[in-house]
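**Q** Data file work.cif (mmCIF, C-alpha atoms) is appended below.
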data_work
loop_
_atom_site.label_atom_id
_atom_site.label_comp_id
_atom_site.auth_asym_id
_atom_site.auth_seq_id
_atom_site.Cartn_x
_atom_site.Cartn_y
_atom_site.Cartn_z
CA MET A 1 136.02 97.75 21.02
CA LYS A 2 132.56 99.03 21.31
CA ARG A 3 131.54 95.86 23.13
CA VAL A 4 134.40 96.23 25.60
CA PHE A 5 133.49 99.85 26.24
CA ALA A 6 129.87 98.90 26.74
CA MET A 7 130.78 96.18 29.23
CA ILE A 8 133.00 98.56 31.19
CA CYS A 9 130.22 101.10 31.37
CA THR A 10 127.79 98.47 32.52
CA VAL A 11 130.09 97.29 35.29
CA MET A 12 130.76 100.84 36.37
CA LEU A 13 127.08 101.57 36.42
CA LEU A 14 126.47 98.54 38.59
CA LEU A 15 129.25 99.53 40.94
CA VAL A 16 127.87 103.01 41.27
CA SER A 17 124.42 101.59 41.99
CA VAL A 18 125.78 99.29 44.68
CA SER A 19 127.77 102.10 46.21
CA ALA A 20 124.71 104.35 46.17
CA CYS A 21 122.74 101.71 48.06
CA ALA A 22 125.54 101.29 50.58
CA VAL A 23 125.73 104.99 51.47
CA GLU A 24 121.99 105.46 51.47
CA PRO A 25 121.13 105.74 55.24
CA LYS A 26 118.75 103.22 56.84
CA ASN A 27 115.71 104.55 58.71
CA SER A 28 116.94 105.47 62.16
CA ASN A 29 115.03 104.70 65.28
CA TYR A 30 114.50 107.72 67.55
CA PHE A 31 113.28 105.88 70.59
CA SER A 32 114.82 103.14 72.70
CA SER A 33 111.78 102.98 74.94
CA TYR A 34 108.79 105.05 75.96
CA GLY A 35 105.83 104.62 78.30
CA ALA A 36 104.15 105.63 81.54
CA SER A 37 103.56 104.45 85.09
CA LEU A 38 100.25 105.06 86.86
CA SER A 39 99.98 104.80 90.64
CA LYS A 40 97.15 105.29 93.10
CA LEU A 41 97.56 108.07 95.63
CA GLY A 42 94.22 107.76 97.39
CA GLY A 43 91.37 110.21 97.35
CA GLY A 44 90.85 109.47 93.67
CA ASP A 45 94.27 110.90 92.76
CA ILE A 46 96.61 109.22 90.30
CA LYS A 47 100.35 109.81 89.93
CA ILE A 48 101.29 109.67 86.25
CA THR A 49 104.96 109.35 85.33
CA PHE A 50 106.12 109.52 81.72
CA SER A 51 109.54 108.31 80.64
CA CYS A 52 111.28 107.88 77.31
CA ASP A 53 114.80 107.01 76.16
CA ALA A 54 116.59 107.63 72.87
CA PRO A 55 119.36 105.49 71.32
CA SER A 56 121.49 108.61 71.02
CA THR A 57 121.40 112.20 72.15
CA ALA A 58 118.17 113.87 71.06
CA SER A 59 117.88 117.57 70.47
CA GLN A 60 114.34 117.33 71.85
CA LEU A 61 112.88 114.38 73.70
CA GLY A 62 109.68 114.00 75.67
CA VAL A 63 105.90 114.20 75.53
CA SER A 64 104.17 116.77 73.35
CA ASN A 65 100.71 116.25 74.86
CA PHE A 66 98.67 113.80 76.89
CA SER A 67 95.06 113.21 77.91
CA VAL A 68 93.33 111.24 80.63
CA TYR A 69 90.42 108.96 79.81
CA ARG A 70 87.75 107.52 82.06
CA TYR A 71 85.97 104.25 81.51
CA ASP A 72 82.21 104.65 81.84
CA GLY A 73 81.49 100.96 81.70
CA ALA A 74 81.27 100.75 77.95
CA ASN A 75 83.61 103.29 76.42
CA TRP A 76 86.62 105.37 77.21
CA GLU A 77 85.80 109.05 77.33
CA ILE A 78 88.24 111.90 77.68
CA VAL A 79 87.91 113.73 80.97
CA SER A 80 91.06 115.80 81.06
CA GLY A 81 93.25 117.22 78.35
CA PRO A 82 94.92 117.46 76.09
CA HIS A 83 97.61 118.86 78.32
CA ASN A 84 101.07 120.02 77.40
CA GLY A 85 103.79 117.53 78.19
CA SER A 86 107.44 118.12 78.94
CA TYR A 87 110.69 117.98 77.00
CA GLY A 88 114.35 117.47 77.67
CA TYR A 89 116.90 119.03 75.32
CA GLY A 90 120.20 117.47 74.33
CA VAL A 91 119.51 114.32 76.36
CA SER A 92 119.11 110.60 75.83
CA SER A 93 116.41 110.21 78.48
CA HIS A 94 113.61 112.33 79.84
CA SER A 95 111.03 111.67 82.58
CA PHE A 96 108.44 113.79 84.33
CA SER A 97 105.37 113.32 86.51
CA ARG A 98 101.95 114.86 87.03
CA THR A 99 99.10 114.27 89.43
CA PHE A 100 95.63 113.64 88.07
CA TYR A 101 92.78 114.52 90.44
CA GLY A 102 90.13 111.95 89.76
CA VAL A 103 87.33 110.23 91.61
CA ALA A 104 87.82 107.15 93.74
CA GLY A 105 86.40 104.04 92.19
CA GLU A 106 86.70 105.23 88.60
CA LYS A 107 88.98 103.62 86.03
CA TYR A 108 91.42 105.74 84.09
CA ARG A 109 94.09 105.46 81.46
CA VAL A 110 96.39 107.87 79.68
CA GLU A 111 97.05 108.56 76.04
CA ALA A 112 100.17 110.46 75.12
CA THR A 113 102.23 111.52 72.15
CA PHE A 114 105.96 111.01 72.61
CA LEU A 115 108.32 113.04 70.49
CA SER A 116 112.00 112.61 69.65
CA ASN A 117 113.90 114.99 67.40
CA LYS A 118 117.52 114.89 66.32
CA SER A 119 119.86 117.74 65.65
CA ASP A 120 119.66 117.06 61.93
CA GLY A 121 116.02 118.13 61.98
CA THR A 122 114.56 114.68 61.68
CA GLY A 123 112.26 113.26 64.24
CA GLU A 124 109.56 110.83 65.11
CA SER A 125 106.42 110.80 67.25
CA LYS A 126 104.79 107.82 68.86
CA THR A 127 101.18 107.55 70.02
CA TYR A 128 100.92 105.68 73.27
CA THR A 129 98.07 104.30 75.40
CA SER A 130 98.77 103.24 78.95
CA GLY A 131 97.28 100.46 80.96
CA SER A 132 94.19 101.22 83.04
CA ILE A 133 94.05 101.81 86.75
CA VAL A 134 91.18 102.16 89.22
CA ALA A 135 91.61 105.10 91.57
CA ASN A 136 91.13 104.42 95.26
CA MET E 1 -8.63 137.32 147.91
CA PRO E 2 -6.27 135.49 150.18
CA ASN E 3 -3.81 137.74 152.01
CA THR E 4 0.00 137.29 152.04
CA ASN E 5 -0.07 135.65 155.43
CA ASP E 6 -2.40 132.98 154.15
CA GLN E 7 -0.20 132.47 151.25
CA LYS E 8 2.72 131.91 153.53
CA ILE E 9 0.82 129.46 155.58
CA ILE E 10 -0.17 127.58 152.47
CA GLU E 11 3.43 127.45 151.28
CA ARG E 12 4.54 126.15 154.61
CA LEU E 13 1.89 123.58 154.58
CA THR E 14 3.33 122.25 151.29
CA ASN E 15 6.38 121.19 153.23
CA ASP E 16 8.93 123.10 151.24
CA PRO E 17 11.85 122.67 153.58
CA ALA E 18 13.52 125.79 152.36
CA LEU E 19 10.56 127.88 153.25
CA GLU E 20 10.23 126.44 156.71
CA MET E 21 13.27 128.42 157.63
CA LYS E 22 13.11 132.08 158.20
CA ARG E 23 14.92 134.45 155.89
CA HIS E 24 17.70 135.30 158.27
CA GLU E 25 18.16 131.64 158.87
CA LEU E 26 18.44 131.09 155.15
CA GLU E 27 20.91 133.92 154.78
CA ASN E 28 23.01 132.59 157.63
CA LEU E 29 22.91 129.16 156.06
CA LEU E 30 24.00 130.64 152.77
CA GLU E 31 26.82 132.59 154.33
CA SER E 32 28.07 129.65 156.35
CA GLU E 33 27.95 127.51 153.26
CA VAL E 34 29.89 130.10 151.23
CA ASN E 35 32.54 130.44 153.91
CA LYS E 36 33.38 126.78 153.75
CA PRO E 37 36.47 125.68 151.75
CA ALA E 38 35.73 125.49 148.07
CA GLU E 39 35.76 121.73 147.92
CA GLU E 40 33.22 121.49 150.78
CA ILE E 41 30.60 123.90 149.41
CA ASP E 42 27.33 122.25 148.52
CA ALA E 43 26.70 123.96 145.26
CA GLN E 44 23.20 122.60 144.93
CA LEU E 45 22.19 123.92 148.34
CA VAL E 46 23.66 127.30 147.60
CA GLY E 47 21.81 127.41 144.34
CA GLU E 48 18.52 126.58 145.99
CA LEU E 49 19.10 129.13 148.71
CA LEU E 50 19.77 131.78 146.13
CA ASP E 51 16.69 130.79 144.26
CA VAL E 52 14.57 131.07 147.39
CA LEU E 53 16.08 134.27 148.54
CA GLN E 54 15.24 137.21 146.34
CA PRO E 55 18.26 138.00 144.24
CA GLU E 56 17.94 141.69 145.00
CA GLU E 57 17.97 140.90 148.69
CA VAL E 58 21.35 139.17 148.45
CA PRO E 59 24.18 141.66 148.38
CA SER E 60 26.00 141.70 145.02
CA SER E 61 29.37 141.23 146.69
CA LEU E 62 28.12 138.14 148.40
CA GLN E 63 26.66 136.93 145.13
CA MET E 64 29.99 137.40 143.37
CA GLU E 65 31.84 135.66 146.14
CA VAL E 66 29.41 132.76 146.04
CA TRP E 67 29.61 132.30 142.28
CA LYS E 68 33.38 132.50 142.37
CA LYS E 69 33.59 129.75 144.90
CA ILE E 70 31.06 127.63 143.02
CA ASP E 71 32.96 128.18 139.80
CA LYS E 72 36.19 127.27 141.51
CA GLN E 73 34.69 124.06 142.73
CA ILE E 74 33.28 123.16 139.34
CA ASN E 75 36.34 124.29 137.37
CA PRO E 76 39.30 123.90 139.66
CA LYS E 77 42.28 125.86 138.36
CA PRO E 78 45.85 124.37 138.40
CA ARG E 79 48.23 125.62 140.92
CA GLN E 80 50.78 128.25 139.98
CA THR E 81 53.67 125.72 139.98
CA HIS E 82 51.86 123.42 137.54
CA ARG E 83 51.26 126.33 135.19
CA LEU E 84 54.92 127.31 135.31
CA LEU E 85 56.03 123.77 134.58
CA GLN E 86 53.71 123.57 131.60
CA ARG E 87 55.13 126.82 130.26
CA LEU E 88 58.69 125.57 130.65
CA ILE E 89 57.90 122.31 128.84
CA ALA E 90 56.21 124.20 126.02
CA ALA E 91 59.20 126.52 125.70
CA ALA E 92 61.64 123.61 125.61
CA ALA E 93 59.58 121.85 122.94
CA ILE E 94 59.56 124.99 120.81
CA ILE E 95 63.33 125.38 121.15
CA VAL E 96 63.94 121.76 120.17
CA LEU E 97 61.61 122.13 117.21
CA LEU E 98 63.38 125.28 116.04
CA PHE E 99 66.77 123.61 116.46
CA GLY E 100 65.68 120.62 114.44
CA LEU E 101 64.27 122.79 111.67
CA SER E 102 67.46 124.89 111.57
CA LEU E 103 69.67 121.85 111.44
CA GLY E 104 67.66 120.29 108.66
CA ALA E 105 67.60 123.47 106.61
CA ALA E 106 71.32 124.04 107.13
CA LYS E 107 72.13 120.54 106.00
CA ALA E 108 69.78 120.69 103.01
CA PHE E 109 71.08 124.00 101.75
CA ARG E 110 74.71 123.36 102.81
CA TRP E 111 74.85 126.40 105.06
CA THR E 112 78.15 125.41 106.57
CA PHE E 113 78.29 128.50 108.74
CA LEU E 114 75.10 127.35 110.47
CA LEU E 115 76.24 123.74 110.54
CA LYS E 116 79.39 124.78 112.34
CA LEU E 117 77.32 126.74 114.82
CA LEU E 118 74.92 123.89 115.50
CA GLN E 119 77.47 121.08 115.42
CA PRO E 120 78.37 121.12 119.15
CA VAL E 121 74.74 121.01 120.20
CA ALA E 122 73.90 118.37 117.60
CA GLU E 123 76.72 116.12 118.77
CA THR E 124 75.43 116.47 122.33
CA PHE E 125 72.27 114.78 121.14
CA GLY E 126 74.22 112.15 119.25
CA ILE E 127 73.72 113.72 115.82
CA TYR E 128 77.04 113.63 114.01
CA MET E 129 77.32 115.58 110.82
CA ASN E 130 79.79 114.90 108.05
CA TYR E 131 80.29 118.05 106.14
CA SER E 132 83.18 119.85 104.64
CA ASP E 133 83.95 123.46 104.49
CA ASP E 134 82.09 125.15 101.68
CA GLN E 135 85.27 126.42 100.11
CA ALA E 136 87.00 123.07 100.45
CA SER E 137 84.01 121.28 98.91
CA GLU E 138 83.90 123.76 96.08
CA ALA E 139 87.63 123.31 95.58
CA VAL E 140 87.27 119.55 95.48
CA ILE E 141 84.55 119.79 92.86
CA GLU E 142 86.46 122.33 90.84
CA ASN E 143 89.68 120.24 90.95
CA ARG E 144 88.04 117.08 89.77
CA TYR E 145 89.53 115.74 86.53
CA THR E 146 92.32 118.31 86.58
CA ILE E 147 96.05 117.93 86.29
CA SER E 148 98.69 119.40 88.53
CA GLU E 149 101.34 121.68 87.26
CA ASP E 150 104.84 120.33 86.54
CA GLU E 151 106.07 118.17 89.36
CA ASN E 152 109.16 116.01 89.32
CA THR E 153 111.30 116.05 86.22
CA THR E 154 114.67 114.67 85.15
CA VAL E 155 117.57 116.34 86.91
CA LEU E 156 120.83 116.70 85.01
CA HIS E 157 124.13 116.18 86.80
CA HIS E 158 127.51 117.31 85.52
CA ASP E 159 129.41 115.12 87.95
CA LEU E 160 128.94 111.36 87.93
CA ASN E 161 129.63 111.32 91.64
CA GLU E 162 126.31 113.03 92.23
CA LEU E 163 124.59 109.76 91.40
CA PRO E 164 124.34 107.11 94.11
CA ASP E 165 126.58 104.06 93.71
CA THR E 166 123.95 101.49 94.55
CA PHE E 167 120.21 101.09 95.01
CA ASP E 168 118.92 98.39 97.28
CA GLY E 169 122.34 96.73 97.13
CA SER E 170 122.57 96.68 93.34
CA ALA E 171 125.08 98.79 91.45
CA ILE E 172 123.89 101.77 89.45
CA LYS E 173 127.24 102.69 87.88
CA PRO E 174 129.30 100.30 85.73
CA GLY E 175 132.71 99.21 86.87
CA TRP E 176 134.11 99.07 83.37
CA ILE E 177 133.61 101.09 80.18
CA PRO E 178 135.20 100.46 76.77
CA ASP E 179 138.35 102.38 76.12
CA GLY E 180 137.94 105.85 74.73
CA TYR E 181 134.51 106.46 76.23
CA THR E 182 134.17 109.23 78.80
CA SER E 183 131.09 110.27 80.72
CA VAL E 184 129.58 113.48 79.41
CA ARG E 185 126.31 113.60 81.23
CA ALA E 186 124.36 111.96 84.04
CA SER E 187 120.73 112.38 85.03
CA SER E 188 118.40 111.17 87.71
CA PHE E 189 114.65 111.09 88.21
CA THR E 190 112.86 110.21 91.42
CA GLU E 191 109.13 109.61 91.82
CA ILE E 192 107.01 107.20 93.84
CA ASN E 193 106.47 104.95 90.84
CA LEU E 194 109.79 105.34 89.02
CA GLN E 195 113.40 106.01 89.81
CA LYS E 196 115.77 106.35 86.89
CA TYR E 197 119.49 106.91 86.52
CA VAL E 198 121.11 107.53 83.14
CA ILE E 199 124.79 107.89 82.30
CA ASP E 200 125.84 109.06 78.84
CA TYR E 201 129.33 108.38 77.46
CA LYS E 202 130.94 109.61 74.28
CA ARG E 203 133.90 108.54 72.19
CA GLY E 204 134.23 110.86 69.24
CA GLU E 205 130.97 110.49 67.34
CA ASP E 206 130.11 107.23 69.09
CA GLU E 207 127.69 107.31 71.97
CA LEU E 208 126.97 104.89 74.78
CA SER E 209 124.14 105.24 77.31
CA ILE E 210 123.36 103.14 80.36
CA PHE E 211 119.83 103.28 81.81
CA VAL E 212 118.95 101.96 85.24
CA SER E 213 115.26 102.00 86.20
CA VAL E 214 113.58 101.12 89.47
CA TYR E 215 109.86 100.53 89.91
CA PRO E 216 109.50 100.58 93.68
CA ASP E 217 105.74 100.70 94.02
CA SER E 218 104.06 97.33 93.47
CA ASP E 219 100.66 98.99 93.19
CA THR E 220 101.57 100.58 89.90
CA VAL E 221 100.40 100.00 86.37
CA ALA E 222 103.48 100.40 84.20
CA SER E 223 103.66 99.80 80.46
CA TYR E 224 106.70 100.61 78.38
CA TYR E 225 107.47 99.89 74.74
CA TYR E 226 110.99 98.92 73.73
CA GLU E 227 111.73 99.67 70.14
CA ARG E 228 113.60 97.04 68.22
CA THR E 229 114.09 95.97 64.67
CA GLU E 230 112.73 92.81 63.15
CA GLU E 231 116.07 91.16 63.70
CA GLU E 232 115.97 88.14 65.92
CA VAL E 233 116.30 88.72 69.64
CA THR E 234 118.94 86.64 71.41
CA GLU E 235 119.55 85.89 75.05
CA ARG E 236 122.75 85.06 76.85
CA MET E 237 123.59 84.18 80.41
CA ILE E 238 126.15 86.62 81.72
CA ASP E 239 127.23 86.35 85.31
CA SER E 240 124.04 84.38 86.16
CA LYS E 241 121.86 87.03 84.59
CA THR E 242 119.70 86.55 81.51
CA VAL E 243 120.69 89.32 79.14
CA THR E 244 118.64 90.11 76.05
CA PHE E 245 120.42 91.34 72.94
CA TYR E 246 118.49 93.10 70.23
CA ARG E 247 118.88 95.73 67.60
CA ASN E 248 117.19 99.04 67.90
CA THR E 249 118.51 101.17 65.09
CA ASP E 250 121.30 100.96 62.53
CA ASP E 251 123.96 98.28 62.58
CA HIS E 252 126.33 100.19 64.84
CA ILE E 253 123.94 100.50 67.74
CA GLN E 254 123.68 97.57 70.13
CA SER E 255 120.80 97.35 72.58
CA VAL E 256 120.92 95.15 75.64
CA SER E 257 118.62 94.79 78.65
CA TRP E 258 118.41 92.65 81.79
CA VAL E 259 116.79 92.62 85.21
CA ASP E 260 118.63 92.27 88.50
CA GLY E 261 116.39 92.35 91.55
CA VAL E 262 114.24 95.46 91.35
CA LEU E 263 116.56 97.16 88.89
CA HIS E 264 116.01 97.17 85.14
CA TYR E 265 119.20 97.78 83.13
CA SER E 266 119.58 98.85 79.52
CA ILE E 267 122.67 99.57 77.45
CA VAL E 268 122.38 101.29 74.13
CA GLY E 269 125.37 102.34 72.13
CA ASN E 270 128.08 101.74 69.64
CA VAL E 271 129.75 98.74 71.34
CA THR E 272 130.56 95.17 70.48
CA VAL E 273 128.95 92.13 72.06
CA GLU E 274 132.14 91.39 73.98
CA GLU E 275 132.25 94.91 75.36
CA VAL E 276 128.65 94.57 76.44
CA GLU E 277 129.46 91.39 78.32
CA ARG E 278 132.26 93.08 80.19
CA ILE E 279 130.04 96.01 81.10
CA VAL E 280 127.35 93.66 82.44
CA GLU E 281 129.93 91.75 84.48
CA SER E 282 131.31 95.02 85.86
CA PHE E 283 127.98 95.75 87.51
CA ARG E 284 128.34 92.49 89.37
CA ARG E 285 131.84 93.39 90.45
CA ASN E 286 130.63 96.74 91.69
CA GLN E 287 128.21 95.02 94.03
CA THR E 288 130.89 92.80 95.55
CA GLU E 289 133.41 95.61 96.03
#
Could you show the structure in this file as structure tokens?
**A**
Amino acid sequence: MKRVFAMICTVMLLLVSVSACAVEPKNSNYFSSYGASLSKLGGGDIKITFSCDAPSTASQLGVSNFSVYRYDGANWEIVSGPHNGSYGYGVSSHSFSRTFYGVAGEKYRVEATFLSNKSDGTGESKTYTSGSIVAN
Amino acid sequence: MPNTNDQKIIERLTNDPALEMKRHELENLLESEVNKPAEEIDAQLVGELLDVLQPEEVPSSLQMEVWKKIDKQINPKPRQTHRLLQRLIAAAAIIVLLFGLSLGAAKAFRWTFLLKLLQPVAETFGIYMNYSDDQASEAVIENRYTISEDENTTVLHHDLNELPDTFDGSAIKPGWIPDGYTSVRASSFTEINLQKYVIDYKRGEDELSIFVSVYPDSDTVASYYYERTEEEVTERMIDSKTVTFYRNTDDHIQSVSWVDGVLHYSIVGNVTVEEVERIVESFRRNQTE
């Protein structure tokens, strides 16, 4: 009798453990995609466009801050920023643009921090570095 | 002691031509010589006559007149017109020198007010200056490495009809959506290096989003990261398009992407593979309608 009771308890314990694993949520992904486009405007100016998508509606989605770096031939040095970004609220996608006033002939790139928060209070940030572009 | 007459005789006997003439003859000779044009006066003769004649016997006015004429012959003075021309040339040279100095100083010290004033004259002489307004130059320097304020941003639309149907001949809106889903939100973003249209659908707690992106500017550096799980990525041909299937989040969320012309499509949502295929095909049907 005791052995039967012990076996039943063991099976129940296993079932509870399996059930606990099944209901335990997987780590959710807060971003579908994120990145930036850099375009030459002439006169040393660069058009920077940030865009990010979420797999579901985000309570807050966008860029928390970004900086512009210049290549001096050996290293990347920050020349502008950090600047405040932009957010969308209750959306699955958010995009915005800024103009960077640089110097023709210099090479630049952008570093940004994308942020996605859900209504349950959870969220995720991604550090991003763009490709480089030479202003004309 | 010899008398003065004897002395005169002796002097005459020495054949001094000047003394062979009488005084009044010498004076007449002197006067006639002085009355000649300046360039014809024999200065040497005049000098000798003056030497012979006692200076106090020659009137001072005549002396002055004689010396003036001699001096004029020796040191001829330029005519009035030549003097005026020289003065004009000197004045012009001074003006040009001052202009050049002003122009150089203005350019060196960036006195744009002076540069503007001198520019018309400088260009007349073929000197073209490339300068910018002081304030504009200062503004350019101050603006360097700065960022503009907020420019374009995503625009939310409550009506799906506010979005265009096509872009460059390709459909932006799907022709078919799984049953139960209704559009709850649409958004658009337009910039020189990105155009984006997003439609969000909802079916209870399930969500479905369709993203259509356009990168119209070829002279753009664009880099985007697409999040996906470690699960294997698969590709399928749907309606002659290569469609990539991958997982992005938990098991209920399907992510799909493909490229059609200049448009980049993505579908993310709680849909089956078969439903995804029908949605992709519906874009094709939209184009042919």
**Q** State, in Å with one decimal place, the distance from CA of Tyr128 in chain A to CA of Phe114 in chain A.
**A**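 Separation of CA of Tyr128 in chain A and CA of Phe114 in chain A: 7.4 Å.
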**Q** Using all atoms listed in the file and a distance of at most 6 Å, pull out the residues of chain E that contact chain A, as JSON, numbers by chain.
**A** {"E": [144, 145, 146, 147, 148, 151, 152, 153, 154, 220, 221, 222, 223, 224, 225, 226, 227, 249, 268]}
**Q** So the first atom is CA of Glu191 in chain E and the second is CA of Val212 in chain E; what is the distance between them in Å, to one decimal place?
**A**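 Separation of CA of Glu191 in chain E and CA of Val212 in chain E: 14.1 Å.
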**Q** In Å, rounded to a single decimal, give me how far CA of Glu277 in chain E is from CA of Ile238 in chain E.
**A**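 Between these atoms lies a distance of 6.7 Å.
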**Q** I'd like the contact shell of Pro178 in chain E - 10 Å cut-off, only C-alpha atoms, skipping same-chain residues fewer than 4 positions apart - returned as a compact mmCIF listing (two decimals) with C-alpha atoms, in the frame of the given file.
**A**
# COMPACT_ATOMS: atom_id res chain seq x y z
CA THR E 182 134.17 109.23 78.80
CA TYR E 201 129.33 108.38 77.46
CA ARG E 203 133.90 108.54 72.19
CA LEU E 208 126.97 104.89 74.78
CA VAL E 271 129.75 98.74 71.34
CA THR E 272 130.56 95.17 70.48
CA GLU E 274 132.14 91.39 73.98
CA GLU E 275 132.25 94.91 75.36
CA VAL E 276 128.65 94.57 76.44
CA ARG E 278 132.26 93.08 80.19
CA ILE E 279 130.04 96.01 81.10
